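A.B. asks: One structure, as structure tokens, below. Some questions next.
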Amino acid sequence: MQPLKPVSPGARLVLGAGFFAVFLGAWAFVTYGGHVPALFLASPGRTLASGWSLLTEYGFLGDIAVTVFRVVGGFLIAAVMAVPLGLLMGAFKPVEAFFEPFFSFCRYLPASAFIPLLILWAGVGEAQKLSVIVIGSVFQLVIMVAVVAGATRPDLVEAAATLGSRPVSILRRVVIPAAAPQIAETLRLVLGWAWTYVIVAELIGASSGIGHMIMDSQRLLDTGQMIFGIVVIGVIGLVTDFAVKSLNRWLFPWAVL
């Protein structure tokens, strides 16, 4: 191995699958070997059996669909709000000076701290769940997009200004094209955070969703169902991450993502 030397796609696939194999082997060893009681950690076989029961008997596919809807809906709302404002903050320093102190303050506030207020204001319906995701995502996203937009090469901006471009035209023709690949990567990263926020929202005052199922399983001391729910979140997140990354590479083939 050499520092920063890339590996081939095949080797990357084998190494990535190898870690999952080692993890699964260690899980099987401690559970089937009796090193950890089943009450505290279900075995891989019991987890699969619990998952099959959830899917075939308890309508878990509906919970998955509800959670995916909440994640996608809340994330899209946050992106529509954050990306334009972040671009303006990155391109125009007076705008950044006006907004940055507030957003820098807000991005340190945990989204879970707003749940009691959101339940009071919006009840326990979908508006409350979506609001938790928006609050958890929008402030981070604004700052990250502003940083990316602000890193546009100054010589490109100066060249456009020399050629007579107006500020809005420079934003549209220089800043946005230059920042678009990294903004797409930022959106991919923040989408992963949205999954964390939706599960937090579903743990309190929810009647559906993966987080609700996990809480019900905790009351029944069914670690198999809890682990299966967690695994489902990871699988959906991994598939989504690869899909978005592939889309970004297709949209911006000139960028190294």
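By order of appearance in the structure tokens: chains A, B, ..., then residues from 1 within every chain, and ligands from 1 in the order shown.
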Write out as a PyMOL selection string each polymer residue whose atoms come within 9 Å of Val244 (chain A), counting only C-alpha atoms; drop sequence neighbours fewer than 5 positions from it.
C.D. replies: chain A and resi 184-185+188+239+249
A.B. asks: Can you spit out the residues from that selection as a PDB file, in the first residue's frame, using all heavy atoms?
C.D. replies:
ATOM      1  N   ALA A 184     -23.356  19.102  -5.436  1.00  0.00           N
ATOM      2  CA  ALA A 184     -24.004  17.794  -5.562  1.00  0.00           C
ATOM      3  C   ALA A 184     -23.449  16.809  -4.531  1.00  0.00           C
ATOM      4  O   ALA A 184     -24.199  16.026  -3.939  1.00  0.00           O
ATOM      5  CB  ALA A 184     -23.809  17.256  -6.979  1.00  0.00           C
ATOM      6  N   GLU A 185     -22.138  16.834  -4.308  1.00  0.00           N
ATOM      7  CA  GLU A 185     -21.547  15.966  -3.289  1.00  0.00           C
ATOM      8  C   GLU A 185     -22.004  16.366  -1.886  1.00  0.00           C
ATOM      9  O   GLU A 185     -22.246  15.511  -1.031  1.00  0.00           O
ATOM     10  CB  GLU A 185     -20.019  16.037  -3.364  1.00  0.00           C
ATOM     11  CG  GLU A 185     -19.413  15.123  -4.385  1.00  0.00           C
ATOM     12  CD  GLU A 185     -19.669  13.657  -4.063  1.00  0.00           C
ATOM     13  OE1 GLU A 185     -19.021  13.115  -3.150  1.00  0.00           O
ATOM     14  OE2 GLU A 185     -20.536  13.058  -4.716  1.00  0.00           O
ATOM     15  N   ARG A 188     -25.361  14.975  -1.313  1.00  0.00           N
ATOM     16  CA  ARG A 188     -25.272  13.532  -1.043  1.00  0.00           C
ATOM     17  C   ARG A 188     -24.922  13.259   0.413  1.00  0.00           C
ATOM     18  O   ARG A 188     -25.499  12.368   1.056  1.00  0.00           O
ATOM     19  CB  ARG A 188     -24.224  12.891  -1.957  1.00  0.00           C
ATOM     20  CG  ARG A 188     -24.083  11.380  -1.779  1.00  0.00           C
ATOM     21  CD  ARG A 188     -23.089  10.809  -2.774  1.00  0.00           C
ATOM     22  NE  ARG A 188     -21.734  11.198  -2.492  1.00  0.00           N
ATOM     23  CZ  ARG A 188     -20.912  10.510  -1.684  1.00  0.00           C
ATOM     24  NH1 ARG A 188     -21.329   9.413  -1.081  1.00  0.00           N
ATOM     25  NH2 ARG A 188     -19.677  10.920  -1.483  1.00  0.00           N
ATOM     26  N   VAL A 239     -27.692   2.062  -0.749  1.00  0.00           N
ATOM     27  CA  VAL A 239     -28.187   2.062  -2.129  1.00  0.00           C
ATOM     28  C   VAL A 239     -28.402   3.493  -2.619  1.00  0.00           C
ATOM     29  O   VAL A 239     -28.021   3.852  -3.742  1.00  0.00           O
ATOM     30  CB  VAL A 239     -29.489   1.248  -2.228  1.00  0.00           C
ATOM     31  CG1 VAL A 239     -30.134   1.422  -3.604  1.00  0.00           C
ATOM     32  CG2 VAL A 239     -29.214  -0.226  -1.957  1.00  0.00           C
ATOM     33  N   ARG A 249     -21.730  11.619 -10.967  1.00  0.00           N
ATOM     34  CA  ARG A 249     -20.674  11.354 -11.950  1.00  0.00           C
ATOM     35  C   ARG A 249     -21.197  11.494 -13.372  1.00  0.00           C
ATOM     36  O   ARG A 249     -20.463  11.922 -14.277  1.00  0.00           O
ATOM     37  CB  ARG A 249     -20.109   9.955 -11.726  1.00  0.00           C
ATOM     38  CG  ARG A 249     -19.219   9.845 -10.484  1.00  0.00           C
ATOM     39  CD  ARG A 249     -18.774   8.419 -10.245  1.00  0.00           C
ATOM     40  NE  ARG A 249     -17.803   8.341  -9.159  1.00  0.00           N
ATOM     41  CZ  ARG A 249     -17.368   7.200  -8.630  1.00  0.00           C
ATOM     42  NH1 ARG A 249     -17.833   6.049  -9.086  1.00  0.00           N
ATOM     43  NH2 ARG A 249     -16.499   7.217  -7.642  1.00  0.00           N
TER      44      ARG A 249
END
A.B. asks: Quick one: residues within 8 Å of Ser137 (chain A), only C-alpha atoms, excluding same-chain residues fewer than 3 positions away - as a PyMOL selection string?
C.D. replies: chain A and resi 75+78+133-134+140-141+190+193-194
A.B. asks: Could you list, as a ChimeraX atom specification, every residue within 10 Å of Asp216 (chain A), counting only C-alpha atoms and ignoring same-chain residues fewer than 3 positions away?
C.D. replies: /A:203,207,210-213,219-222,225-226
A.B. asks: Please save N, CA and C atoms of the selected residues as a tab-separated table (two decimals), in the first residue's frame.
C.D. replies:
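What follows is the written file again29.tsv:
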chain	number	residue	atom	x	y	z
A	203	LEU	N	-38.96	8.26	16.74
A	203	LEU	CA	-38.89	7.62	18.05
A	203	LEU	C	-39.86	8.23	19.05
A	207	SER	N	-46.66	6.94	14.85
A	207	SER	CA	-47.47	5.74	14.78
A	207	SER	C	-47.09	4.87	13.58
A	210	ILE	N	-39.94	3.34	10.36
A	210	ILE	CA	-38.95	2.40	10.87
A	210	ILE	C	-38.62	2.70	12.33
A	211	GLY	N	-38.48	3.98	12.68
A	211	GLY	CA	-38.18	4.34	14.06
A	211	GLY	C	-39.27	3.89	15.01
A	212	HIS	N	-40.53	4.02	14.58
A	212	HIS	CA	-41.65	3.57	15.40
A	212	HIS	C	-41.58	2.06	15.62
A	213	MET	N	-41.24	1.31	14.56
A	213	MET	CA	-41.12	-0.14	14.69
A	213	MET	C	-40.01	-0.51	15.67
A	219	ARG	N	-39.83	-2.31	23.33
A	219	ARG	CA	-40.76	-2.61	24.42
A	219	ARG	C	-40.99	-4.12	24.56
A	220	LEU	N	-40.89	-4.85	23.44
A	220	LEU	CA	-41.07	-6.30	23.45
A	220	LEU	C	-39.77	-7.04	23.67
A	221	LEU	N	-38.66	-6.32	23.83
A	221	LEU	CA	-37.33	-6.90	24.02
A	221	LEU	C	-36.95	-7.81	22.85
A	222	ASP	N	-37.38	-7.45	21.64
A	222	ASP	CA	-37.07	-8.24	20.45
A	222	ASP	C	-35.90	-7.60	19.72
A	225	GLN	N	-35.82	-7.85	15.71
A	225	GLN	CA	-36.54	-6.84	14.94
A	225	GLN	C	-35.82	-5.50	14.97
A	226	MET	N	-35.27	-5.14	16.12
A	226	MET	CA	-34.54	-3.87	16.21
A	226	MET	C	-33.34	-3.86	15.27
A.B. asks: Please list as a list in words every residue within 10 Å of Arg172 (chain A), counting only C-alpha atoms and excluding residues in the same chain fewer than 6 positions away.
C.D. replies: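 Final neighbour list, sorted by chain and number: Leu87, Arg166 and Ala178 of chain A.
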A.B. asks: Can you write out the residues you just picked, keeping N, CA and C atoms, as a PDB file, in the first residue's frame?
C.D. replies:
ATOM      1  N   LEU A  87     -25.654  29.790  -2.258  1.00  0.00           N
ATOM      2  CA  LEU A  87     -24.976  30.354  -3.435  1.00  0.00           C
ATOM      3  C   LEU A  87     -24.839  31.870  -3.317  1.00  0.00           C
ATOM      4  N   ARG A 166     -22.365  41.130 -15.792  1.00  0.00           N
ATOM      5  CA  ARG A 166     -22.928  41.719 -14.583  1.00  0.00           C
ATOM      6  C   ARG A 166     -22.866  40.710 -13.435  1.00  0.00           C
ATOM      7  N   ALA A 178     -19.147  26.275 -11.673  1.00  0.00           N
ATOM      8  CA  ALA A 178     -17.924  25.853 -10.990  1.00  0.00           C
ATOM      9  C   ALA A 178     -18.228  25.112  -9.694  1.00  0.00           C
TER      10      ALA A 178
END
A.B. asks: Which of these residues is nearest to Val235 (chain A), using only C-alpha atoms: A:Pro181, A:Trp195, A:Trp27, A:Lys5?
C.D. replies: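 For Val235 (chain A), the nearest of the given residues is A:Trp195.
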A.B. asks: Rounded to one decimal in Å, what is the spacing between CA of Leu61 (chain A) and CA of Ser43 (chain A)?
C.D. replies: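 Rounded to one decimal, the two atoms are 22.4 Å apart.
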